[in-house]
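Trainee: Supplied structure: final-v9.txt, compact mmCIF, C-alpha atoms.
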# COMPACT_ATOMS: atom_id res chain seq x y z
CA MET V 1 -101.97 127.88 -16.46
CA LYS V 2 -104.59 126.49 -18.84
CA GLU V 3 -101.93 124.65 -20.85
CA ARG V 4 -100.50 123.07 -17.69
CA HIS V 5 -104.02 122.03 -16.70
CA ARG V 6 -104.59 120.39 -20.11
CA ARG V 7 -101.30 118.49 -19.85
CA SER V 8 -102.16 117.33 -16.35
CA ARG V 9 -105.60 116.16 -17.45
CA ARG V 10 -104.15 114.35 -20.49
CA SER V 11 -101.64 112.54 -18.25
CA PHE V 12 -104.42 111.58 -15.86
CA LEU V 13 -106.54 110.15 -18.69
CA LEU V 14 -103.62 108.10 -20.03
CA ARG V 15 -102.95 106.65 -16.57
CA ALA V 16 -106.65 105.90 -16.16
CA LEU V 17 -106.75 104.14 -19.54
CA ALA V 18 -103.77 101.96 -18.65
CA GLY V 19 -105.38 101.12 -15.32
CA THR V 20 -108.68 100.24 -16.97
CA LEU V 21 -106.98 97.97 -19.50
CA ALA V 22 -105.05 96.27 -16.74
CA GLY V 23 -108.32 95.57 -14.98
CA VAL V 24 -110.04 93.87 -17.91
CA LEU V 25 -107.15 92.27 -19.84
CA PRO V 26 -104.41 89.79 -18.81
CA ALA V 27 -101.16 91.41 -17.75
CA TRP V 28 -99.27 90.28 -20.86
CA ALA V 29 -101.85 91.94 -23.13
CA THR V 30 -101.23 95.36 -21.59
CA ALA V 31 -97.48 95.02 -21.19
CA ASN V 32 -96.67 97.15 -24.22
CA VAL V 33 -99.21 99.80 -23.17
CA THR V 34 -97.23 100.52 -20.04
CA ALA V 35 -93.73 99.54 -21.05
CA GLY V 36 -93.30 99.74 -24.83
CA ARG V 37 -91.00 96.69 -25.17
CA LYS V 38 -88.48 96.48 -27.97
CA ALA V 39 -88.58 93.49 -30.33
CA GLY V 40 -86.07 90.75 -29.59
CA SER V 41 -83.68 88.92 -31.89
CA ALA V 42 -82.97 85.26 -32.59
CA GLU V 43 -79.39 85.59 -31.34
CA GLY V 44 -80.50 87.45 -28.24
CA ASP V 45 -83.26 84.92 -27.61
CA LEU V 46 -80.79 82.04 -27.80
CA GLU V 47 -78.68 83.88 -25.23
CA LYS V 48 -81.75 84.31 -23.01
CA ILE V 49 -82.48 80.59 -23.21
CA ALA V 50 -78.86 79.77 -22.40
CA ALA V 51 -79.12 82.07 -19.38
CA LEU V 52 -82.35 80.39 -18.29
CA LEU V 53 -80.72 76.97 -18.53
CA SER V 54 -77.63 78.00 -16.57
CA GLY V 55 -79.39 80.14 -13.97
CA LYS V 56 -81.19 79.32 -10.76
CA THR V 57 -84.55 80.91 -11.58
CA ARG V 58 -87.23 78.36 -12.46
CA SER V 59 -89.12 78.80 -15.71
CA THR V 60 -92.19 77.55 -17.56
CA TRP V 61 -91.89 76.29 -21.14
CA VAL V 62 -95.12 76.20 -23.17
CA PHE V 63 -95.55 74.11 -26.32
CA ALA V 64 -98.49 75.16 -28.49
CA GLY V 65 -99.69 73.76 -31.78
CA ASP V 66 -101.93 71.14 -33.36
CA SER V 67 -102.13 67.34 -33.09
CA ILE V 68 -98.44 66.95 -33.95
CA THR V 69 -97.49 68.92 -30.85
CA GLN V 70 -100.25 67.29 -28.82
CA GLY V 71 -98.74 63.91 -29.71
CA ALA V 72 -102.21 62.41 -30.04
CA LYS V 73 -102.44 58.71 -30.98
CA HIS V 74 -99.65 58.52 -33.53
CA THR V 75 -96.75 58.04 -31.09
CA HIS V 76 -97.92 54.45 -30.34
CA GLY V 77 -97.84 55.19 -26.62
CA HIS V 78 -94.32 56.63 -26.73
CA ARG V 79 -93.29 60.20 -25.95
CA SER V 80 -94.10 63.20 -28.11
CA TYR V 81 -91.40 65.76 -28.82
CA PRO V 82 -92.55 68.08 -25.97
CA GLU V 83 -92.34 65.11 -23.59
CA ILE V 84 -88.86 64.23 -24.86
CA PHE V 85 -87.89 67.86 -24.37
CA ALA V 86 -89.20 67.72 -20.79
CA GLU V 87 -87.01 64.67 -20.11
CA ARG V 88 -83.98 66.46 -21.54
CA LEU V 89 -84.68 69.62 -19.56
CA ARG V 90 -85.92 68.35 -16.20
CA TRP V 91 -83.75 65.23 -15.88
CA GLU V 92 -80.66 65.30 -18.08
CA LEU V 93 -80.08 69.04 -17.63
CA ALA V 94 -81.16 68.77 -13.96
CA ARG V 95 -83.73 71.58 -14.17
CA VAL V 96 -86.25 69.67 -12.09
CA GLY V 97 -87.99 72.86 -10.95
CA ASP V 98 -88.89 73.92 -14.47
CA ILE V 99 -92.37 73.17 -15.80
CA VAL V 100 -93.17 72.03 -19.35
CA VAL V 101 -96.77 72.57 -20.51
CA ASN V 102 -98.17 71.10 -23.74
CA THR V 103 -101.29 72.90 -25.01
CA GLY V 104 -101.26 71.45 -28.54
CA MET V 105 -104.81 70.69 -29.75
CA SER V 106 -105.74 68.40 -32.60
CA GLY V 107 -107.21 70.16 -35.62
CA HIS V 108 -106.16 73.64 -34.57
CA THR V 109 -104.82 76.48 -36.70
CA THR V 110 -103.17 79.85 -36.08
CA ARG V 111 -106.66 81.34 -35.86
CA HIS V 112 -107.60 78.97 -33.03
CA MET V 113 -104.42 79.82 -31.16
CA LEU V 114 -104.92 83.58 -31.51
CA ASN V 115 -108.48 83.30 -30.22
CA ASP V 116 -107.26 81.33 -27.19
CA MET V 117 -103.90 82.92 -26.32
CA ASP V 118 -104.62 83.66 -22.68
CA TRP V 119 -105.81 80.14 -21.90
CA ARG V 120 -103.22 78.29 -23.96
CA VAL V 121 -100.22 80.48 -23.20
CA GLY V 122 -100.73 83.60 -21.10
CA GLN V 123 -102.10 81.98 -17.94
CA PHE V 124 -98.84 80.05 -17.48
CA ARG V 125 -96.65 83.18 -17.42
CA PRO V 126 -94.09 81.40 -19.65
CA GLY V 127 -90.43 82.12 -20.10
CA VAL V 128 -90.36 80.35 -23.48
CA VAL V 129 -93.16 79.57 -25.95
CA SER V 130 -92.73 77.04 -28.76
CA ALA V 131 -95.27 77.12 -31.61
CA MET V 132 -95.66 74.66 -34.49
CA LEU V 133 -98.62 75.37 -36.77
CA GLY V 134 -99.54 75.24 -40.44
CA THR V 135 -100.55 71.65 -41.19
CA ASN V 136 -104.21 72.46 -40.56
CA ASP V 137 -104.09 76.08 -41.75
CA CYS V 138 -103.29 74.84 -45.26
CA ALA V 139 -106.04 72.17 -45.31
CA ARG V 140 -108.60 73.24 -47.91
CA ASN V 141 -107.33 76.79 -47.42
CA GLN V 142 -108.82 77.03 -43.91
CA VAL V 143 -106.54 80.01 -43.31
CA THR V 144 -105.31 81.92 -46.36
CA LEU V 145 -101.59 82.50 -46.79
CA ALA V 146 -102.04 86.22 -46.09
CA ASP V 147 -104.02 85.56 -42.91
CA PHE V 148 -101.57 82.86 -41.88
CA GLU V 149 -98.70 85.32 -42.09
CA ALA V 150 -100.62 88.00 -40.17
CA ASN V 151 -101.63 85.46 -37.52
CA LEU V 152 -98.06 84.23 -37.04
CA ARG V 153 -96.79 87.80 -36.68
CA SER V 154 -99.47 88.51 -34.08
CA ILE V 155 -98.64 85.31 -32.18
CA VAL V 156 -94.96 86.29 -32.04
CA ALA V 157 -95.83 89.83 -30.93
CA GLN V 158 -98.11 88.60 -28.16
CA ILE V 159 -95.52 86.11 -26.92
CA ARG V 160 -92.92 88.89 -26.76
CA ALA V 161 -95.44 91.10 -24.95
CA MET V 162 -95.58 88.38 -22.28
CA ASN V 163 -91.82 88.89 -21.85
CA ALA V 164 -91.33 85.35 -23.17
CA VAL V 165 -89.00 83.98 -25.84
CA PRO V 166 -90.84 82.77 -28.99
CA ILE V 167 -89.71 79.72 -30.93
CA LEU V 168 -91.28 78.98 -34.33
CA HIS V 169 -91.20 75.57 -36.00
CA THR V 170 -91.87 74.50 -39.56
CA PRO V 171 -94.02 71.35 -39.55
CA ASN V 172 -92.64 68.10 -40.93
CA PRO V 173 -93.28 67.29 -44.60
CA ILE V 174 -96.36 65.22 -45.42
CA ILE V 175 -97.24 62.66 -48.11
CA ALA V 176 -99.16 65.12 -50.27
CA GLY V 177 -100.36 62.48 -52.71
CA LYS V 178 -102.30 60.83 -49.87
CA ALA V 179 -103.41 64.14 -48.32
CA PRO V 180 -104.20 66.29 -51.38
CA GLU V 181 -106.22 68.75 -49.30
CA ARG V 182 -102.91 69.80 -47.74
CA ALA V 183 -100.80 69.89 -50.89
CA SER V 184 -100.12 73.61 -50.35
CA LEU V 185 -98.24 73.01 -47.08
CA PRO V 186 -94.83 73.97 -48.61
CA GLU V 187 -96.22 77.46 -49.30
CA TYR V 188 -97.13 77.82 -45.62
CA VAL V 189 -93.67 76.60 -44.63
CA THR V 190 -92.21 79.39 -46.76
CA VAL V 191 -94.35 81.89 -44.86
CA ILE V 192 -93.12 80.54 -41.51
CA ARG V 193 -89.53 81.07 -42.63
CA LYS V 194 -90.42 84.55 -43.85
CA VAL V 195 -92.04 85.52 -40.53
CA ALA V 196 -89.17 84.05 -38.51
CA GLY V 197 -86.71 86.10 -40.55
CA ALA V 198 -88.75 89.30 -40.44
CA GLU V 199 -89.52 89.01 -36.73
CA ASN V 200 -86.00 87.73 -35.95
CA THR V 201 -87.20 84.71 -33.99
CA ILE V 202 -85.61 81.34 -33.33
CA LEU V 203 -86.67 78.89 -36.05
CA VAL V 204 -86.55 75.10 -35.84
CA ASP V 205 -86.75 74.07 -39.50
CA HIS V 206 -88.02 70.48 -39.44
CA ASP V 207 -89.11 70.71 -43.07
CA ALA V 208 -85.55 71.42 -44.21
CA GLY V 209 -84.10 68.67 -42.01
CA TRP V 210 -86.55 66.02 -43.19
CA ASN V 211 -86.08 66.99 -46.84
CA THR V 212 -82.31 66.68 -46.48
CA GLU V 213 -82.80 63.22 -44.98
CA MET V 214 -85.10 62.27 -47.86
CA GLN V 215 -82.48 63.35 -50.39
CA ASN V 216 -79.95 61.11 -48.66
CA ARG V 217 -82.18 58.07 -48.09
CA THR V 218 -85.26 58.48 -50.37
CA ALA V 219 -88.60 59.94 -49.34
CA GLU V 220 -90.26 56.53 -49.20
CA THR V 221 -87.79 55.27 -46.60
CA VAL V 222 -88.07 58.36 -44.37
CA TYR V 223 -91.86 58.43 -44.53
CA ARG V 224 -92.07 54.73 -43.71
CA GLU V 225 -89.76 55.12 -40.71
CA TRP V 226 -90.90 58.49 -39.34
CA LEU V 227 -94.62 58.85 -40.16
CA ASN V 228 -97.60 56.97 -38.78
CA ASP V 229 -99.95 58.24 -41.51
CA PRO V 230 -99.59 60.81 -44.32
CA LEU V 231 -99.36 63.67 -41.78
CA HIS V 232 -98.37 62.62 -38.29
CA PRO V 233 -94.92 61.59 -37.05
CA ASN V 234 -94.68 58.31 -35.16
CA GLN V 235 -92.44 57.86 -32.13
CA ARG V 236 -89.29 57.88 -34.28
CA GLY V 237 -90.49 60.99 -36.06
CA HIS V 238 -91.04 62.72 -32.73
CA GLN V 239 -87.49 61.81 -31.71
CA GLN V 240 -86.32 63.62 -34.86
CA LEU V 241 -88.43 66.67 -34.00
CA ALA V 242 -86.94 66.73 -30.51
CA ALA V 243 -83.37 66.34 -31.81
CA ALA V 244 -83.83 69.27 -34.20
CA LEU V 245 -85.09 71.43 -31.33
CA PHE V 246 -82.13 70.43 -29.16
CA LYS V 247 -79.66 71.27 -31.92
CA THR V 248 -81.28 74.65 -32.55
CA LEU V 249 -81.10 75.51 -28.83
CA ASN V 250 -77.52 74.19 -28.58
CA ILE V 251 -78.45 71.51 -26.03
CA PHE V 252 -77.92 68.41 -28.20
CA ASP V 253 -75.64 65.75 -26.70
CA PRO V 254 -75.49 62.42 -28.59
CA ALA V 255 -74.38 60.61 -25.42
CA GLN V 256 -77.68 61.42 -23.69
CA PRO V 257 -80.65 59.06 -24.14
CA THR V 258 -83.07 61.77 -25.33
CA CYS V 259 -80.57 62.58 -28.09
CA GLY V 260 -80.11 58.99 -29.22
CA GLY V 261 -77.78 57.60 -26.56
CA ALA V 262 -78.42 54.28 -24.83
CA TYR V 263 -80.98 54.03 -22.02
CA TYR V 264 -79.70 50.66 -20.81
CA GLU V 265 -77.65 50.98 -17.62
CA GLY V 266 -76.36 47.48 -17.04
CA GLU V 267 -77.37 44.20 -15.46
CA HIS V 268 -80.39 44.05 -13.18
Would you mind giving the structure from this file in structure tokens?
Mentor:
Amino acid sequence: MKERHRRSRRSFLLRALAGTLAGVLPAWATANVTAGRKAGSAEGDLEKIAALLSGKTRSTWVFAGDSITQGAKHTHGHRSYPEIFAERLRWELARVGDIVVNTGMSGHTTRHMLNDMDWRVGQFRPGVVSAMLGTNDCARNQVTLADFEANLRSIVAQIRAMNAVPILHTPNPIIAGKAPERASLPEYVTVIRKVAGAENTILVDHDAGWNTEMQNRTAETVYREWLNDPLHPNQRGHQQLAAALFKTLNIFDPAQPTCGGAYYEGEH
């Protein structure tokens, strides 16, 4: 009798704890307290995105990151890669009911994002969360490599706890000679690849794509065409970022304007 009473009381306390957490934390933060979700996989996440794109249920897509994601200033008034993605999704793929939210903030690091997850991501109840970070983390060692890795893992875990699909990006290469405070960026890119592999997340590897292009056409040419300063992509650079995302998600179509096709539709 006493043992049954102890078990009953323990069960009551656990339920009370879950209820208390639910009352003071956002729903996504307590999801694994009540449900114990299993980690996803990159292949499975690509299948989930394909299902989202082919289904009738509307979804919210959140883009988080720093000034590159924000698209501040350096696009010369043209679209940033999240805006190009929105055009591909909501017009060309006819998912007009979907919502694309860009919460990229200039100067921010993984630490900023972790401290602001509910505002920048959780409040939107996303189906997919895209995160590109690292260019500021590496600046003057604002975030150490060890902390950067831990932060990225936590970001992925929290996105999955929201029942959303995480997408990690490597940032584009920079002109290190003109931004020496960020010369360690390649080390942070290596960590992003490591975390994506360990956490089995979708990875859009812009660094690899840009470096391949630079091997084919010289770094000077690519930087001149795709960067607006030593760090930030211009409008053409953002088109490259968008194209890499489309190819990773298997939604690239060269005939479509957002993928490089013609916008002109005839005489008028």
Trainee: Please report the interatomic distance between CA of Ile68 (chain V) and CA of Asn250 (chain V) in Å with one decimal.
Mentor: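 Answer for the CA of Ile68 (chain V) to CA of Asn250 (chain V) separation: 22.8 Å.
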Trainee: Which of these residues is nearest to Pro173 (chain V), using only C-alpha atoms: V:Thr135, V:Asn151, V:Thr190, V:Gln158?
Mentor: V:Thr135
Trainee: Smallest atom-to-atom distance to His78 (chain V): which of V:Gln239, V:Thr248, V:Ser54, V:Gln256, using all atoms listed in the file?
Mentor: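 Distance minimum relative to His78 (chain V) lands on V:Gln239.
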Trainee: Any chance you could tabulate, as a Markdown table, the residues of region 54-173 of chain V at most 12 Å from region 203-206 of chain V with each one's nearest atom pair and distance in Å to one decimal, using all atoms listed in the file, in chain and rising number order?
Mentor:
| residue | atom | partner | partner_atom | distance |
| --- | --- | --- | --- | --- |
| V:Ser130 | CA | V:Val204 | CA | 9.6 |
| V:Ala131 | CA | V:Leu203 | CA | 9.8 |
| V:Met132 | CA | V:Val204 | CA | 9.2 |
| V:Leu133 | CA | V:His206 | CA | 12.0 |
| V:Val156 | CA | V:Leu203 | CA | 11.8 |
| V:Val165 | CA | V:Leu203 | CA | 11.6 |
| V:Pro166 | CA | V:Leu203 | CA | 9.1 |
| V:Ile167 | CA | V:Leu203 | CA | 6.0 |
| V:Leu168 | CA | V:Leu203 | CA | 4.9 |
| V:His169 | CA | V:Val204 | CA | 4.7 |
| V:Thr170 | CA | V:Asp205 | CA | 5.1 |
| V:Pro171 | CA | V:His206 | CA | 6.1 |
| V:Asn172 | CA | V:His206 | CA | 5.4 |
| V:Pro173 | CA | V:His206 | CA | 8.0 |
Trainee: Measuring atom to atom with only C-alpha atoms, identify which of V:Phe246, V:Thr109, V:Pro82, V:Asp116 is nearest to Val143 (chain V).
Mentor: V:Thr109
Trainee: Which distance in Å separates CA of Asp229 (chain V) and CA of Arg120 (chain V), to one decimal?
Mentor: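 Rounded to one decimal, the two atoms are 26.8 Å apart.
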Trainee: Saving region 236-265 of chain V with N, CA and C atoms, as a PDB file, in the first residue's frame, what would that file be?
Mentor:
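Output below, filename decode_9.pdb:
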ATOM      1  N   ARG V 236      23.899  39.762 -56.732  1.00  0.00           N
ATOM      2  CA  ARG V 236      24.268  38.549 -57.472  1.00  0.00           C
ATOM      3  C   ARG V 236      24.720  37.451 -56.510  1.00  0.00           C
ATOM      4  N   GLY V 237      25.407  37.850 -55.453  1.00  0.00           N
ATOM      5  CA  GLY V 237      25.800  36.873 -54.449  1.00  0.00           C
ATOM      6  C   GLY V 237      24.598  36.253 -53.765  1.00  0.00           C
ATOM      7  N   HIS V 238      23.583  37.057 -53.498  1.00  0.00           N
ATOM      8  CA  HIS V 238      22.365  36.526 -52.874  1.00  0.00           C
ATOM      9  C   HIS V 238      21.627  35.579 -53.821  1.00  0.00           C
ATOM     10  N   GLN V 239      21.686  35.851 -55.115  1.00  0.00           N
ATOM     11  CA  GLN V 239      21.099  34.907 -56.070  1.00  0.00           C
ATOM     12  C   GLN V 239      21.804  33.561 -56.001  1.00  0.00           C
ATOM     13  N   GLN V 240      23.123  33.590 -55.788  1.00  0.00           N
ATOM     14  CA  GLN V 240      23.878  32.334 -55.655  1.00  0.00           C
ATOM     15  C   GLN V 240      23.505  31.601 -54.375  1.00  0.00           C
ATOM     16  N   LEU V 241      23.326  32.348 -53.290  1.00  0.00           N
ATOM     17  CA  LEU V 241      22.907  31.733 -52.027  1.00  0.00           C
ATOM     18  C   LEU V 241      21.541  31.063 -52.195  1.00  0.00           C
ATOM     19  N   ALA V 242      20.631  31.760 -52.855  1.00  0.00           N
ATOM     20  CA  ALA V 242      19.293  31.205 -53.069  1.00  0.00           C
ATOM     21  C   ALA V 242      19.355  29.958 -53.944  1.00  0.00           C
ATOM     22  N   ALA V 243      20.150  30.000 -55.005  1.00  0.00           N
ATOM     23  CA  ALA V 243      20.252  28.850 -55.913  1.00  0.00           C
ATOM     24  C   ALA V 243      20.787  27.622 -55.180  1.00  0.00           C
ATOM     25  N   ALA V 244      21.778  27.828 -54.307  1.00  0.00           N
ATOM     26  CA  ALA V 244      22.327  26.701 -53.544  1.00  0.00           C
ATOM     27  C   ALA V 244      21.278  26.104 -52.617  1.00  0.00           C
ATOM     28  N   LEU V 245      20.459  26.954 -52.011  1.00  0.00           N
ATOM     29  CA  LEU V 245      19.375  26.468 -51.155  1.00  0.00           C
ATOM     30  C   LEU V 245      18.367  25.670 -51.971  1.00  0.00           C
ATOM     31  N   PHE V 246      17.995  26.197 -53.134  1.00  0.00           N
ATOM     32  CA  PHE V 246      17.037  25.489 -53.993  1.00  0.00           C
ATOM     33  C   PHE V 246      17.566  24.115 -54.389  1.00  0.00           C
ATOM     34  N   LYS V 247      18.837  24.054 -54.761  1.00  0.00           N
ATOM     35  CA  LYS V 247      19.413  22.775 -55.183  1.00  0.00           C
ATOM     36  C   LYS V 247      19.452  21.786 -54.031  1.00  0.00           C
ATOM     37  N   THR V 248      19.776  22.258 -52.842  1.00  0.00           N
ATOM     38  CA  THR V 248      19.817  21.373 -51.677  1.00  0.00           C
ATOM     39  C   THR V 248      18.438  20.813 -51.362  1.00  0.00           C
ATOM     40  N   LEU V 249      17.402  21.637 -51.534  1.00  0.00           N
ATOM     41  CA  LEU V 249      16.028  21.210 -51.232  1.00  0.00           C
ATOM     42  C   LEU V 249      15.345  20.558 -52.433  1.00  0.00           C
ATOM     43  N   ASN V 250      16.085  20.387 -53.521  1.00  0.00           N
ATOM     44  CA  ASN V 250      15.555  19.744 -54.734  1.00  0.00           C
ATOM     45  C   ASN V 250      14.390  20.518 -55.350  1.00  0.00           C
ATOM     46  N   ILE V 251      14.497  21.865 -55.300  1.00  0.00           N
ATOM     47  CA  ILE V 251      13.442  22.682 -55.920  1.00  0.00           C
ATOM     48  C   ILE V 251      14.048  23.651 -56.946  1.00  0.00           C
ATOM     49  N   PHE V 252      15.249  23.342 -57.434  1.00  0.00           N
ATOM     50  CA  PHE V 252      15.880  24.202 -58.434  1.00  0.00           C
ATOM     51  C   PHE V 252      15.339  23.878 -59.816  1.00  0.00           C
ATOM     52  N   ASP V 253      14.952  24.928 -60.567  1.00  0.00           N
ATOM     53  CA  ASP V 253      14.465  24.772 -61.930  1.00  0.00           C
ATOM     54  C   ASP V 253      15.031  25.919 -62.758  1.00  0.00           C
ATOM     55  N   PRO V 254      16.021  25.675 -63.608  1.00  0.00           N
ATOM     56  CA  PRO V 254      16.696  26.757 -64.331  1.00  0.00           C
ATOM     57  C   PRO V 254      15.781  27.560 -65.240  1.00  0.00           C
ATOM     58  N   ALA V 255      14.599  27.035 -65.556  1.00  0.00           N
ATOM     59  CA  ALA V 255      13.664  27.778 -66.401  1.00  0.00           C
ATOM     60  C   ALA V 255      12.926  28.866 -65.624  1.00  0.00           C
ATOM     61  N   GLN V 256      12.938  28.763 -64.284  1.00  0.00           N
ATOM     62  CA  GLN V 256      12.203  29.722 -63.460  1.00  0.00           C
ATOM     63  C   GLN V 256      13.054  30.957 -63.163  1.00  0.00           C
ATOM     64  N   PRO V 257      12.455  32.130 -63.149  1.00  0.00           N
ATOM     65  CA  PRO V 257      13.221  33.366 -62.945  1.00  0.00           C
ATOM     66  C   PRO V 257      14.058  33.390 -61.671  1.00  0.00           C
ATOM     67  N   THR V 258      13.542  32.854 -60.548  1.00  0.00           N
ATOM     68  CA  THR V 258      14.335  32.901 -59.318  1.00  0.00           C
ATOM     69  C   THR V 258      15.563  32.013 -59.401  1.00  0.00           C
ATOM     70  N   CYS V 259      15.585  31.106 -60.374  1.00  0.00           N
ATOM     71  CA  CYS V 259      16.718  30.185 -60.553  1.00  0.00           C
ATOM     72  C   CYS V 259      17.606  30.593 -61.718  1.00  0.00           C
ATOM     73  N   GLY V 260      17.360  31.765 -62.273  1.00  0.00           N
ATOM     74  CA  GLY V 260      18.192  32.261 -63.359  1.00  0.00           C
ATOM     75  C   GLY V 260      17.488  32.396 -64.688  1.00  0.00           C
ATOM     76  N   GLY V 261      16.238  31.940 -64.778  1.00  0.00           N
ATOM     77  CA  GLY V 261      15.480  32.076 -66.015  1.00  0.00           C
ATOM     78  C   GLY V 261      15.071  33.527 -66.274  1.00  0.00           C
ATOM     79  N   ALA V 262      14.571  33.773 -67.468  1.00  0.00           N
ATOM     80  CA  ALA V 262      14.217  35.148 -67.859  1.00  0.00           C
ATOM     81  C   ALA V 262      12.954  35.622 -67.160  1.00  0.00           C
ATOM     82  N   TYR V 263      12.937  36.891 -66.750  1.00  0.00           N
ATOM     83  CA  TYR V 263      11.736  37.505 -66.192  1.00  0.00           C
ATOM     84  C   TYR V 263      10.883  38.138 -67.293  1.00  0.00           C
ATOM     85  N   TYR V 264      11.501  38.517 -68.394  1.00  0.00           N
ATOM     86  CA  TYR V 264      10.793  39.223 -69.447  1.00  0.00           C
ATOM     87  C   TYR V 264       9.713  38.343 -70.069  1.00  0.00           C
ATOM     88  N   GLU V 265       8.511  38.893 -70.246  1.00  0.00           N
ATOM     89  CA  GLU V 265       7.391  38.085 -70.721  1.00  0.00           C
ATOM     90  C   GLU V 265       6.830  38.561 -72.052  1.00  0.00           C
TER      91      GLU V 265
END
